file entry.txt (compact mmCIF, C-alpha atoms)
# COMPACT_ATOMS: atom_id res chain seq x y z
CA MET A 1 5.26 18.50 -1.50
CA ASN A 2 6.87 15.11 -2.33
CA PRO A 3 6.51 12.50 0.42
CA GLY A 4 9.67 10.82 1.64
CA PRO A 5 10.59 7.32 0.48
CA VAL A 6 8.67 4.36 1.85
CA LEU A 7 11.98 2.59 2.51
CA ALA A 8 15.33 4.27 3.13
CA VAL A 9 18.27 1.97 3.88
CA GLU A 10 21.47 3.67 5.02
CA GLY A 11 24.81 2.00 5.73
CA LEU A 12 23.28 -1.44 6.35
CA THR A 13 25.93 -3.93 7.47
CA THR A 14 25.31 -7.61 8.23
CA ARG A 15 28.01 -10.07 9.25
CA PHE A 16 28.23 -13.81 9.90
CA ARG A 17 30.73 -15.16 12.42
CA THR A 18 31.99 -18.49 11.09
CA ARG A 19 34.86 -20.89 11.82
CA ARG A 20 36.66 -19.55 8.75
CA GLY A 21 36.31 -15.98 9.94
CA THR A 22 33.87 -13.10 9.72
CA VAL A 23 31.83 -12.86 6.52
CA THR A 24 30.55 -9.36 5.76
CA ALA A 25 27.61 -10.32 3.55
CA VAL A 26 26.17 -6.79 3.39
CA ASP A 27 28.67 -3.97 3.69
CA GLY A 28 27.41 -0.41 4.13
CA VAL A 29 24.52 -0.75 1.67
CA SER A 30 22.32 2.31 1.07
CA PHE A 31 19.27 2.82 -1.18
CA SER A 32 15.67 4.01 -1.09
CA VAL A 33 12.33 3.03 -2.66
CA GLY A 34 9.42 5.41 -3.13
CA ARG A 35 5.67 4.84 -3.19
CA GLY A 36 4.63 3.00 -6.36
CA GLU A 37 8.28 2.60 -7.42
CA THR A 38 10.08 -0.62 -8.29
CA LEU A 39 13.78 -0.84 -7.43
CA GLY A 40 15.67 -3.81 -8.83
CA LEU A 41 18.50 -5.25 -6.75
CA VAL A 42 20.63 -7.30 -9.10
CA GLY A 43 23.86 -9.29 -8.89
CA GLU A 44 25.20 -12.82 -9.18
CA SER A 45 24.63 -15.47 -6.53
CA GLY A 46 26.45 -14.67 -3.30
CA SER A 47 26.53 -10.92 -3.86
CA GLY A 48 24.40 -10.22 -0.76
CA LYS A 49 20.97 -9.57 -2.29
CA SER A 50 18.93 -12.03 -0.23
CA VAL A 51 20.77 -11.20 3.00
CA THR A 52 19.91 -7.55 2.35
CA ALA A 53 16.22 -8.48 2.09
CA MET A 54 16.32 -10.59 5.24
CA SER A 55 18.17 -7.82 7.08
CA ILE A 56 15.52 -5.24 6.19
CA LEU A 57 12.85 -7.40 7.85
CA ARG A 58 15.22 -8.53 10.62
CA LEU A 59 14.92 -12.19 9.66
CA VAL A 60 18.67 -12.93 9.63
CA ALA A 61 19.27 -16.14 11.56
CA SER A 62 22.28 -16.89 13.79
CA PRO A 63 25.23 -16.74 13.28
CA GLY A 64 24.23 -13.69 11.25
CA ARG A 65 23.97 -10.32 12.93
CA ILE A 66 23.02 -6.83 11.73
CA GLU A 67 25.90 -4.69 12.95
CA GLY A 68 25.27 -1.23 11.56
CA GLY A 69 23.14 1.20 9.63
CA SER A 70 19.46 2.10 9.63
CA VAL A 71 16.35 0.79 7.88
CA MET A 72 13.73 3.54 7.82
CA LEU A 73 10.24 2.34 6.92
CA ASN A 74 7.82 5.25 6.70
CA GLY A 75 10.11 7.23 8.99
CA THR A 76 10.60 4.50 11.63
CA ASP A 77 13.96 2.78 12.06
CA LEU A 78 13.17 -0.94 12.08
CA LEU A 79 16.54 -1.74 13.63
CA GLN A 80 15.58 0.16 16.79
CA LEU A 81 12.30 -1.69 17.42
CA ASP A 82 11.87 -4.57 19.84
CA GLU A 83 10.79 -7.94 18.45
CA GLU A 84 7.10 -7.47 19.25
CA GLN A 85 7.01 -4.09 17.47
CA MET A 86 8.86 -5.60 14.53
CA ARG A 87 6.43 -8.53 14.33
CA GLU A 88 3.52 -6.08 14.11
CA ARG A 89 5.09 -4.41 11.07
CA ARG A 90 5.90 -7.59 9.15
CA SER A 91 3.12 -8.31 6.66
CA THR A 92 1.13 -5.19 7.59
CA GLN A 93 3.75 -2.60 6.57
CA ALA A 94 6.43 -4.70 4.87
CA ALA A 95 6.08 -8.18 3.36
CA LEU A 96 8.42 -10.67 1.73
CA VAL A 97 7.64 -12.93 -1.24
CA PHE A 98 10.02 -15.86 -0.90
CA GLN A 99 12.04 -17.44 -3.67
CA ASN A 100 10.54 -20.94 -3.48
CA PRO A 101 6.76 -21.09 -2.89
CA MET A 102 6.85 -24.82 -2.13
CA THR A 103 9.04 -24.23 0.94
CA ALA A 104 7.30 -20.95 1.84
CA LEU A 105 3.91 -22.70 2.15
CA ASN A 106 3.12 -25.29 4.81
CA PRO A 107 2.24 -28.61 3.11
CA VAL A 108 -0.18 -29.77 5.86
CA PHE A 109 -2.53 -26.77 5.80
CA THR A 110 -4.85 -25.58 3.08
CA VAL A 111 -4.10 -22.42 1.16
CA GLY A 112 -7.16 -20.71 2.65
CA TRP A 113 -6.07 -21.55 6.19
CA GLN A 114 -2.58 -20.15 5.55
CA LEU A 115 -3.95 -16.93 4.05
CA GLY A 116 -6.29 -16.66 7.01
CA GLU A 117 -3.36 -17.10 9.39
CA THR A 118 -1.76 -14.01 7.84
CA LEU A 119 -4.88 -12.04 8.80
CA ARG A 120 -5.30 -13.75 12.18
CA ALA A 121 -1.74 -12.95 13.27
CA HIS A 122 -2.62 -9.25 13.11
CA GLY A 123 -6.20 -9.45 14.40
CA ARG A 124 -7.71 -8.77 10.98
CA GLY A 125 -9.76 -11.90 10.40
CA ASP A 126 -9.32 -15.60 9.61
CA ALA A 127 -9.77 -18.13 6.82
CA SER A 128 -13.49 -17.34 6.57
CA SER A 129 -12.86 -13.66 5.88
CA PRO A 130 -13.99 -12.39 2.46
CA ALA A 131 -10.50 -10.88 2.11
CA VAL A 132 -9.03 -14.38 1.62
CA LEU A 133 -11.05 -15.13 -1.50
CA GLN A 134 -10.60 -11.56 -2.74
CA ALA A 135 -6.82 -11.89 -2.42
CA LEU A 136 -6.94 -15.02 -4.59
CA ARG A 137 -9.11 -13.21 -7.14
CA ASP A 138 -6.68 -10.28 -7.15
CA VAL A 139 -3.84 -12.57 -8.22
CA GLY A 140 -5.93 -14.10 -11.00
CA MET A 141 -6.56 -17.43 -9.33
CA PRO A 142 -9.34 -19.39 -11.10
CA ASP A 143 -12.13 -20.77 -8.90
CA PRO A 144 -10.80 -19.19 -5.67
CA GLU A 145 -13.24 -21.12 -3.44
CA ARG A 146 -11.86 -24.45 -4.64
CA GLN A 147 -8.25 -23.26 -4.52
CA ALA A 148 -8.66 -21.99 -0.95
CA ALA A 149 -9.61 -25.53 0.06
CA SER A 150 -6.60 -27.03 -1.75
CA PHE A 151 -3.20 -27.98 -0.34
CA PRO A 152 -0.01 -26.53 -1.88
CA HIS A 153 1.03 -29.86 -3.43
CA GLN A 154 -2.21 -29.92 -5.43
CA MET A 155 -1.22 -26.74 -7.27
CA SER A 156 1.21 -25.96 -10.07
CA GLY A 157 4.31 -23.88 -9.42
CA GLY A 158 2.72 -20.82 -10.97
CA MET A 159 -0.39 -21.13 -8.80
CA ARG A 160 1.69 -21.57 -5.65
CA GLN A 161 3.64 -18.44 -6.57
CA ARG A 162 0.36 -16.55 -6.95
CA VAL A 163 -0.66 -17.73 -3.48
CA VAL A 164 2.60 -16.45 -2.00
CA ILE A 165 2.08 -13.08 -3.70
CA ALA A 166 -1.51 -12.98 -2.43
CA MET A 167 -0.22 -13.69 1.06
CA GLY A 168 2.30 -10.86 0.77
CA MET A 169 -0.32 -8.37 -0.44
CA LEU A 170 -3.16 -9.52 1.84
CA ASN A 171 -2.54 -6.92 4.55
CA GLU A 172 -1.83 -4.20 1.95
CA PRO A 173 1.78 -3.44 3.01
CA GLN A 174 3.47 -0.24 1.88
CA LEU A 175 6.61 -2.24 0.98
CA LEU A 176 6.81 -5.58 -0.83
CA ILE A 177 10.16 -7.37 -1.12
CA ALA A 178 10.19 -10.06 -3.82
CA ASP A 179 13.25 -12.33 -3.65
CA GLU A 180 13.73 -14.11 -6.99
CA PRO A 181 9.95 -14.57 -7.35
CA THR A 182 10.10 -16.28 -10.77
CA THR A 183 13.21 -18.48 -10.51
CA ALA A 184 11.35 -21.82 -10.43
CA LEU A 185 8.80 -20.91 -13.12
CA ASP A 186 8.78 -21.46 -16.86
CA VAL A 187 9.00 -18.44 -19.15
CA THR A 188 5.25 -18.07 -19.83
CA ILE A 189 4.32 -18.25 -16.14
CA GLN A 190 7.21 -15.90 -15.29
CA ALA A 191 5.72 -13.24 -17.55
CA GLN A 192 2.28 -13.68 -15.99
CA VAL A 193 3.62 -13.42 -12.42
CA LEU A 194 5.71 -10.34 -13.25
CA ASP A 195 2.77 -8.60 -14.91
CA LEU A 196 0.64 -9.49 -11.90
CA MET A 197 3.13 -7.98 -9.44
CA LYS A 198 3.44 -4.85 -11.53
CA GLN A 199 -0.33 -4.43 -11.65
CA LEU A 200 -0.77 -5.03 -7.92
CA THR A 201 1.93 -2.55 -6.92
CA HIS A 202 0.47 0.00 -9.34
CA ASP A 203 -3.07 -0.46 -8.00
CA HIS A 204 -2.02 -0.23 -4.34
CA GLY A 205 0.84 2.26 -4.68
CA THR A 206 3.15 -0.29 -3.05
CA ALA A 207 6.91 0.19 -3.08
CA LEU A 208 8.52 -2.92 -4.60
CA LEU A 209 12.07 -4.12 -3.99
CA LEU A 210 12.66 -6.79 -6.63
CA ILE A 211 15.69 -9.02 -6.07
CA THR A 212 16.96 -11.02 -9.03
CA HIS A 213 19.99 -12.02 -11.09
CA ASN A 214 17.96 -11.82 -14.31
CA MET A 215 18.65 -8.61 -16.23
CA GLY A 216 15.68 -9.32 -18.51
CA VAL A 217 13.36 -9.20 -15.49
CA ILE A 218 15.02 -5.95 -14.40
CA ALA A 219 14.41 -4.36 -17.81
CA ARG A 220 10.76 -5.45 -17.78
CA MET A 221 9.86 -4.46 -14.23
CA CYS A 222 12.02 -1.77 -12.70
CA ASP A 223 12.18 2.02 -12.51
CA ARG A 224 15.67 2.07 -10.97
CA VAL A 225 18.40 -0.53 -10.55
CA ALA A 226 21.02 -1.09 -7.86
CA VAL A 227 23.81 -3.53 -8.77
CA MET A 228 25.47 -5.52 -5.96
CA TYR A 229 28.88 -7.14 -5.99
CA ALA A 230 30.67 -8.74 -3.01
CA GLY A 231 28.30 -7.19 -0.48
CA GLU A 232 28.37 -3.65 -1.87
CA ILE A 233 26.29 -1.51 -4.19
CA VAL A 234 28.62 -0.85 -7.15
CA GLU A 235 26.21 1.05 -9.41
CA GLU A 236 22.77 2.64 -9.19
CA ALA A 237 20.78 4.37 -11.93
CA PRO A 238 17.37 4.60 -13.62
CA VAL A 239 16.79 1.43 -15.64
CA ASP A 240 17.08 3.06 -19.10
CA GLU A 241 20.26 4.87 -18.10
CA LEU A 242 21.84 1.72 -16.70
CA PHE A 243 21.11 -0.37 -19.78
CA GLY A 244 22.20 2.38 -22.16
CA ASN A 245 25.17 3.79 -20.26
CA ALA A 246 26.56 1.34 -17.70
CA ARG A 247 29.56 2.90 -15.96
CA HIS A 248 30.87 0.08 -13.77
CA PRO A 249 32.79 -2.75 -15.55
CA TYR A 250 30.85 -5.36 -13.57
CA THR A 251 27.50 -3.97 -14.74
CA ALA A 252 28.80 -3.82 -18.30
CA GLY A 253 29.82 -7.49 -18.04
CA LEU A 254 26.37 -8.49 -16.80
CA LEU A 255 24.71 -6.68 -19.69
CA GLN A 256 27.04 -8.21 -22.28
CA SER A 257 26.13 -11.70 -21.06
CA ILE A 258 22.46 -11.28 -22.03
CA PRO A 259 21.54 -13.24 -25.19
CA ARG A 260 20.11 -11.00 -27.92
CA VAL A 261 17.95 -11.97 -30.88
CA ASP A 262 19.50 -9.25 -33.07
CA GLN A 263 23.00 -10.72 -32.78
CA PRO A 264 24.43 -13.89 -34.39
CA ARG A 265 24.62 -17.02 -32.31
CA GLY A 266 27.88 -17.77 -30.59
CA LYS A 267 29.55 -17.88 -27.22
CA LEU A 268 28.43 -15.13 -24.87
CA PRO A 269 31.11 -13.00 -23.18
CA THR A 270 31.93 -14.07 -19.63
CA LEU A 271 33.63 -12.39 -16.72
CA PRO A 272 36.97 -14.04 -15.92
CA GLY A 273 37.71 -15.37 -12.46
CA ALA A 274 35.31 -15.64 -9.54
CA PRO A 275 33.93 -13.33 -6.85
CA PRO A 276 36.26 -12.79 -3.88
CA ASP A 277 36.17 -14.91 -0.74
CA MET A 278 33.74 -13.01 1.49
CA SER A 279 35.63 -14.12 4.61
CA ALA A 280 38.89 -12.63 3.27
CA LEU A 281 37.94 -9.64 1.14
CA PRO A 282 40.79 -7.92 -0.71
CA GLY A 283 41.65 -4.29 -0.09
CA GLY A 284 40.76 -1.75 -2.72
CA CYS A 285 38.18 -2.36 -5.43
CA ARG A 286 36.64 -5.80 -4.91
CA PHE A 287 36.20 -6.28 -8.64
CA ARG A 288 39.75 -5.41 -9.68
CA ASP A 289 41.04 -8.99 -10.07
CA ARG A 290 38.33 -9.61 -12.69
CA CYS A 291 38.34 -6.16 -14.28
CA PRO A 292 39.91 -5.72 -17.74
CA ARG A 293 40.54 -2.03 -16.98
CA ALA A 294 42.12 -2.37 -13.53
CA GLN A 295 44.88 0.11 -12.65
CA GLU A 296 47.22 0.66 -9.73
CA ARG A 297 44.78 3.13 -8.20
CA CYS A 298 42.24 0.34 -7.91
CA LEU A 299 44.29 -0.92 -4.95
CA SER A 300 42.45 1.77 -2.95
CA HIS A 301 38.76 1.33 -2.29
CA PRO A 302 36.55 3.60 -4.44
CA PRO A 303 33.47 5.31 -2.95
CA LEU A 304 30.03 5.12 -4.51
CA ALA A 305 30.01 8.52 -6.24
CA GLU A 306 27.85 10.40 -8.71
CA VAL A 307 28.82 9.89 -12.35
CA GLY A 308 25.72 11.43 -13.92
CA PRO A 309 22.19 12.62 -13.13
CA ARG A 310 20.71 10.09 -10.65
CA HIS A 311 23.58 7.77 -11.60
CA SER A 312 26.33 6.63 -9.22
CA ALA A 313 29.13 4.07 -9.54
CA ARG A 314 31.86 2.63 -7.31
CA CYS A 315 34.68 2.90 -9.87
CA TRP A 316 37.65 5.28 -10.15
CA LEU A 317 37.60 5.20 -13.96
CA ALA A 318 33.88 5.98 -14.12
CA GLN A 319 34.37 8.90 -11.75
CA ASP A 320 37.30 10.21 -13.83
CA ALA A 321 35.18 9.98 -16.99
CA ALA A 322 32.34 11.86 -15.30
CA GLU A 323 34.69 14.65 -14.20
CA PHE A 324 36.11 14.91 -17.74
CA GLU A 325 32.61 15.14 -19.22
CA THR A 326 31.69 17.87 -16.72
CA MET A 327 34.80 19.86 -17.67
CA GLU A 328 34.01 19.52 -21.39
CA MET A 329 30.48 20.78 -20.81
CA SER A 330 31.80 23.74 -18.82
CA ASP A 331 34.30 24.62 -21.54
CA ALA A 332 31.61 24.37 -24.23
CA ALA A 333 29.37 26.73 -22.24
call {"tool": "encode", "arguments": {"input": "entry.txt", "output": "structure tokens"}}
result
Amino acid sequence: MNPGPVLAVEGLTTRFRTRRGTVTAVDGVSFSVGRGETLGLVGESGSGKSVTAMSILRLVASPGRIEGGSVMLNGTDLLQLDEEQMRERRSTQAALVFQNPMTALNPVFTVGWQLGETLRAHGRGDASSPAVLQALRDVGMPDPERQAASFPHQMSGGMRQRVVIAMGMLNEPQLLIADEPTTALDVTIQAQVLDLMKQLTHDHGTALLLITHNMGVIARMCDRVAVMYAGEIVEEAPVDELFGNARHPYTAGLLQSIPRVDQPRGKLPTLPGAPPDMSALPGGCRFRDRCPRAQERCLSHPPLAEVGPRHSARCWLAQDAAEFETMEMSDAA
């Protein structure tokens, strides 16, 4: 019998009330992540990825507000818990690795003290606990005793990122959310941190939600990919299927913009225009003003529908193509 997903998000909607109007940053988003699985959440800046992560852990600050949906973590809807119950689950059942380790760590406390605080907050120990040094060893930190006594500013960016990952994994959560965990790192350290996260999630069976705009990171790390655009999921598929058979024009544009060593140098293709104003979203397909294949029917809003095995896309043309392929297969049979 297959266990259910560690995380199941359904219809998640988060809005911000601003002077310019209501911004729907996350609009009816649904996805799931299983034990030991890595789901990549990808999209350009402003697509709603980070707000999705903060909504899952109920860390959205005012004027933001979660206004709909459910976030099931091991069968419990986090949106129905009171704040004390939610606080108990943060770090122990679900943890977040922040984008910038320098701002995630407190500059006036040692690394060991901050790791110990993660244990102390849940009655599991303090800075003197053997688990603190073991967590630093687990993330490949050299001389963990000395590093535990160090302050964040005394460490390199890569070492600080390892500390943040150690902090996220310290209480052995079932779900780890990593929000752009390698953005501030150079390429060599990026590869080390990604390999480290992959190893840790494999060893602990942790479900990993990896948020990034880097398609190279997605290809390296993920089992499945969900593509976000203007607050919505526009395509979801296993990673090999998405890279080999992208069905949504936005996904295809992202993939075409990746530099490749087997192609001659030159200007990379770009998507024309800009994402829509999130406080005044257009009706119909939100990508249509930038889409080279837009048609009149795109004035109506497409659902996220199946276009292949474990593959869904929010595009009328992709859905038409899938129906045509199904008919051809039926006729051939």
call {"tool": "closest_residue", "arguments": {"input": "entry.txt", "among": "A:Ala246, A:Arg220, A:Gly112, A:Ala121", "to": "Glu145 in chain A", "atoms": "all atoms listed in the file"}}
result
A:Gly112
call {"tool": "atom_distance", "arguments": {"input": "entry.txt", "atom1": "CA of Arg124 in chain A", "atom2": "CA of Arg90 in chain A"}}
result
13.8 Å
call {"tool": "residues_around", "arguments": {"input": "entry.txt", "residues": "range 211-219 of chain A", "least_positions_apart": "2", "cutoff": "9 Å", "atoms": "all atoms listed in the file", "output": "short mmCIF file (atom, residue, chain, number, x, y, z; two decimals) with C-alpha atoms, keeping the file's coordinate frame"}}
result
data_model
loop_
_atom_site.label_atom_id
_atom_site.label_comp_id
_atom_site.auth_asym_id
_atom_site.auth_seq_id
_atom_site.Cartn_x
_atom_site.Cartn_y
_atom_site.Cartn_z
CA LEU A 39 13.78 -0.84 -7.43
CA GLY A 40 15.67 -3.81 -8.83
CA LEU A 41 18.50 -5.25 -6.75
CA VAL A 42 20.63 -7.30 -9.10
CA GLY A 43 23.86 -9.29 -8.89
CA GLU A 44 25.20 -12.82 -9.18
CA SER A 45 24.63 -15.47 -6.53
CA LYS A 49 20.97 -9.57 -2.29
CA SER A 50 18.93 -12.03 -0.23
CA ALA A 53 16.22 -8.48 2.09
CA ILE A 177 10.16 -7.37 -1.12
CA ALA A 178 10.19 -10.06 -3.82
CA ASP A 179 13.25 -12.33 -3.65
CA GLU A 180 13.73 -14.11 -6.99
CA PRO A 181 9.95 -14.57 -7.35
CA THR A 182 10.10 -16.28 -10.77
CA THR A 183 13.21 -18.48 -10.51
CA ALA A 191 5.72 -13.24 -17.55
CA LEU A 194 5.71 -10.34 -13.25
CA LEU A 209 12.07 -4.12 -3.99
CA MET A 221 9.86 -4.46 -14.23
CA CYS A 222 12.02 -1.77 -12.70
CA ASP A 223 12.18 2.02 -12.51
CA ARG A 224 15.67 2.07 -10.97
CA VAL A 225 18.40 -0.53 -10.55
CA VAL A 239 16.79 1.43 -15.64
CA ASP A 240 17.08 3.06 -19.10
CA PHE A 243 21.11 -0.37 -19.78
CA LEU A 254 26.37 -8.49 -16.80
CA LEU A 255 24.71 -6.68 -19.69
CA ILE A 258 22.46 -11.28 -22.03
#
call {"tool": "atom_distance", "arguments": {"input": "entry.txt", "atom1": "CA of Ala131 in chain A", "atom2": "CA of Glu83 in chain A"}}
result
27.0 Å
call {"tool": "closest_residue", "arguments": {"input": "entry.txt", "among": "A:Lys198, A:His204, A:Arg58, A:Arg65", "to": "Thr13 in chain A", "atoms": "only C-alpha atoms"}}
result
A:Arg65
call {"tool": "atom_distance", "arguments": {"input": "entry.txt", "atom1": "CA of Leu12 in chain A", "atom2": "CA of Val29 in chain A"}}
result
4.9 Å
call {"tool": "closest_residue", "arguments": {"input": "entry.txt", "among": "A:Glu37, A:Ala104, A:Pro152, A:Ser47", "to": "Pro276 in chain A", "atoms": "all atoms listed in the file"}}
result
A:Ser47
call {"tool": "closest_residue", "arguments": {"input": "entry.txt", "among": "A:Gly75, A:Thr14, A:Ala322, A:Arg87", "to": "Met54 in chain A", "atoms": "only C-alpha atoms"}}
result
A:Thr14
call {"tool": "closest_residue", "arguments": {"input": "entry.txt", "among": "A:Glu67, A:Arg19, A:Ile56, A:Glu172", "to": "Met86 in chain A", "atoms": "only C-alpha atoms"}}
result
A:Ile56
call {"tool": "closest_atom_pairs", "arguments": {"input": "entry.txt", "of": "range 245-304 of chain A", "to": "range 308-318 of chain A", "cutoff": "7 Å", "atoms": "all atoms listed in the file", "output": "CSV"}}
result
residue,atom,partner,partner_atom,distance
A:Arg247,CA,A:Ala318,CA,5.6
A:His248,CA,A:Ala313,CA,6.1
A:Pro302,CA,A:Arg314,CA,5.6
A:Pro303,CA,A:Arg314,CA,5.4
A:Leu304,CA,A:Arg314,CA,4.2
call {"tool": "closest_residue", "arguments": {"input": "entry.txt", "among": "A:Thr22, A:Thr270, A:Gln319, A:Gln154", "to": "Phe109 in chain A", "atoms": "all atoms listed in the file"}}
result
A:Gln154
call {"tool": "decode", "arguments": {"input": "entry.txt", "residues": "range 189-214 of chain A", "atoms": "N, CA and C atoms", "output": "CSV table (one decimal), in the first residue's frame"}}
result
chain,number,residue,atom,x,y,z
A,189,ILE,N,30.3,26.1,-5.4
A,189,ILE,CA,29.6,25.9,-4.1
A,189,ILE,C,28.2,25.5,-4.3
A,190,GLN,N,27.5,26.1,-5.3
A,190,GLN,CA,26.2,25.7,-5.7
A,190,GLN,C,26.1,24.2,-5.9
A,191,ALA,N,27.0,23.6,-6.6
A,191,ALA,CA,27.0,22.2,-6.9
A,191,ALA,C,27.1,21.4,-5.6
A,192,GLN,N,28.0,21.8,-4.7
A,192,GLN,CA,28.2,21.1,-3.5
A,192,GLN,C,27.0,21.2,-2.6
A,193,VAL,N,26.3,22.4,-2.5
A,193,VAL,CA,25.1,22.5,-1.7
A,193,VAL,C,24.0,21.7,-2.2
A,194,LEU,N,23.8,21.7,-3.6
A,194,LEU,CA,22.7,20.9,-4.2
A,194,LEU,C,23.0,19.4,-3.9
A,195,ASP,N,24.2,18.9,-4.1
A,195,ASP,CA,24.5,17.5,-3.8
A,195,ASP,C,24.2,17.2,-2.4
A,196,LEU,N,24.6,18.1,-1.5
A,196,LEU,CA,24.3,17.9,-0.1
A,196,LEU,C,22.9,17.7,0.2
A,197,MET,N,22.0,18.6,-0.3
A,197,MET,CA,20.6,18.6,-0.1
A,197,MET,C,20.0,17.3,-0.6
A,198,LYS,N,20.5,16.9,-1.8
A,198,LYS,CA,20.0,15.6,-2.4
A,198,LYS,C,20.3,14.4,-1.5
A,199,GLN,N,21.5,14.4,-1.0
A,199,GLN,CA,22.0,13.3,-0.1
A,199,GLN,C,21.2,13.3,1.2
A,200,LEU,N,21.0,14.5,1.8
A,200,LEU,CA,20.3,14.5,3.1
A,200,LEU,C,18.8,14.1,2.9
A,201,THR,N,18.2,14.5,1.9
A,201,THR,CA,16.8,14.1,1.7
A,201,THR,C,16.7,12.7,1.3
A,202,HIS,N,17.7,12.1,0.6
A,202,HIS,CA,17.7,10.7,0.3
A,202,HIS,C,17.9,9.9,1.6
A,203,ASP,N,18.8,10.3,2.5
A,203,ASP,CA,19.1,9.6,3.7
A,203,ASP,C,18.0,9.6,4.7
A,204,HIS,N,17.2,10.7,4.7
A,204,HIS,CA,16.2,10.8,5.7
A,204,HIS,C,14.8,10.6,5.1
A,205,GLY,N,14.7,10.4,3.8
A,205,GLY,CA,13.4,10.2,3.2
A,205,GLY,C,12.5,11.5,3.3
A,206,THR,N,13.2,12.6,3.3
A,206,THR,CA,12.5,13.9,3.4
A,206,THR,C,11.9,14.3,2.1
A,207,ALA,N,10.7,14.8,2.1
A,207,ALA,CA,10.1,15.4,0.9
A,207,ALA,C,10.7,16.8,0.7
A,208,LEU,N,11.1,17.1,-0.5
A,208,LEU,CA,11.8,18.4,-0.7
A,208,LEU,C,11.0,19.2,-1.8
A,209,LEU,N,10.6,20.4,-1.4
A,209,LEU,CA,10.0,21.4,-2.3
A,209,LEU,C,11.1,22.4,-2.6
A,210,LEU,N,11.7,22.4,-3.8
A,210,LEU,CA,12.8,23.2,-4.2
A,210,LEU,C,12.3,24.4,-5.1
A,211,ILE,N,12.4,25.6,-4.6
A,211,ILE,CA,11.9,26.8,-5.4
A,211,ILE,C,13.1,27.5,-6.0
A,212,THR,N,13.0,27.7,-7.3
A,212,THR,CA,14.1,28.3,-8.0
A,212,THR,C,13.6,28.9,-9.4
A,213,HIS,N,14.4,29.7,-10.0
A,213,HIS,CA,14.2,30.2,-11.3
A,213,HIS,C,15.2,29.6,-12.3
A,214,ASN,N,16.1,28.7,-11.8
A,214,ASN,CA,17.2,28.1,-12.5
A,214,ASN,C,16.8,26.8,-13.0
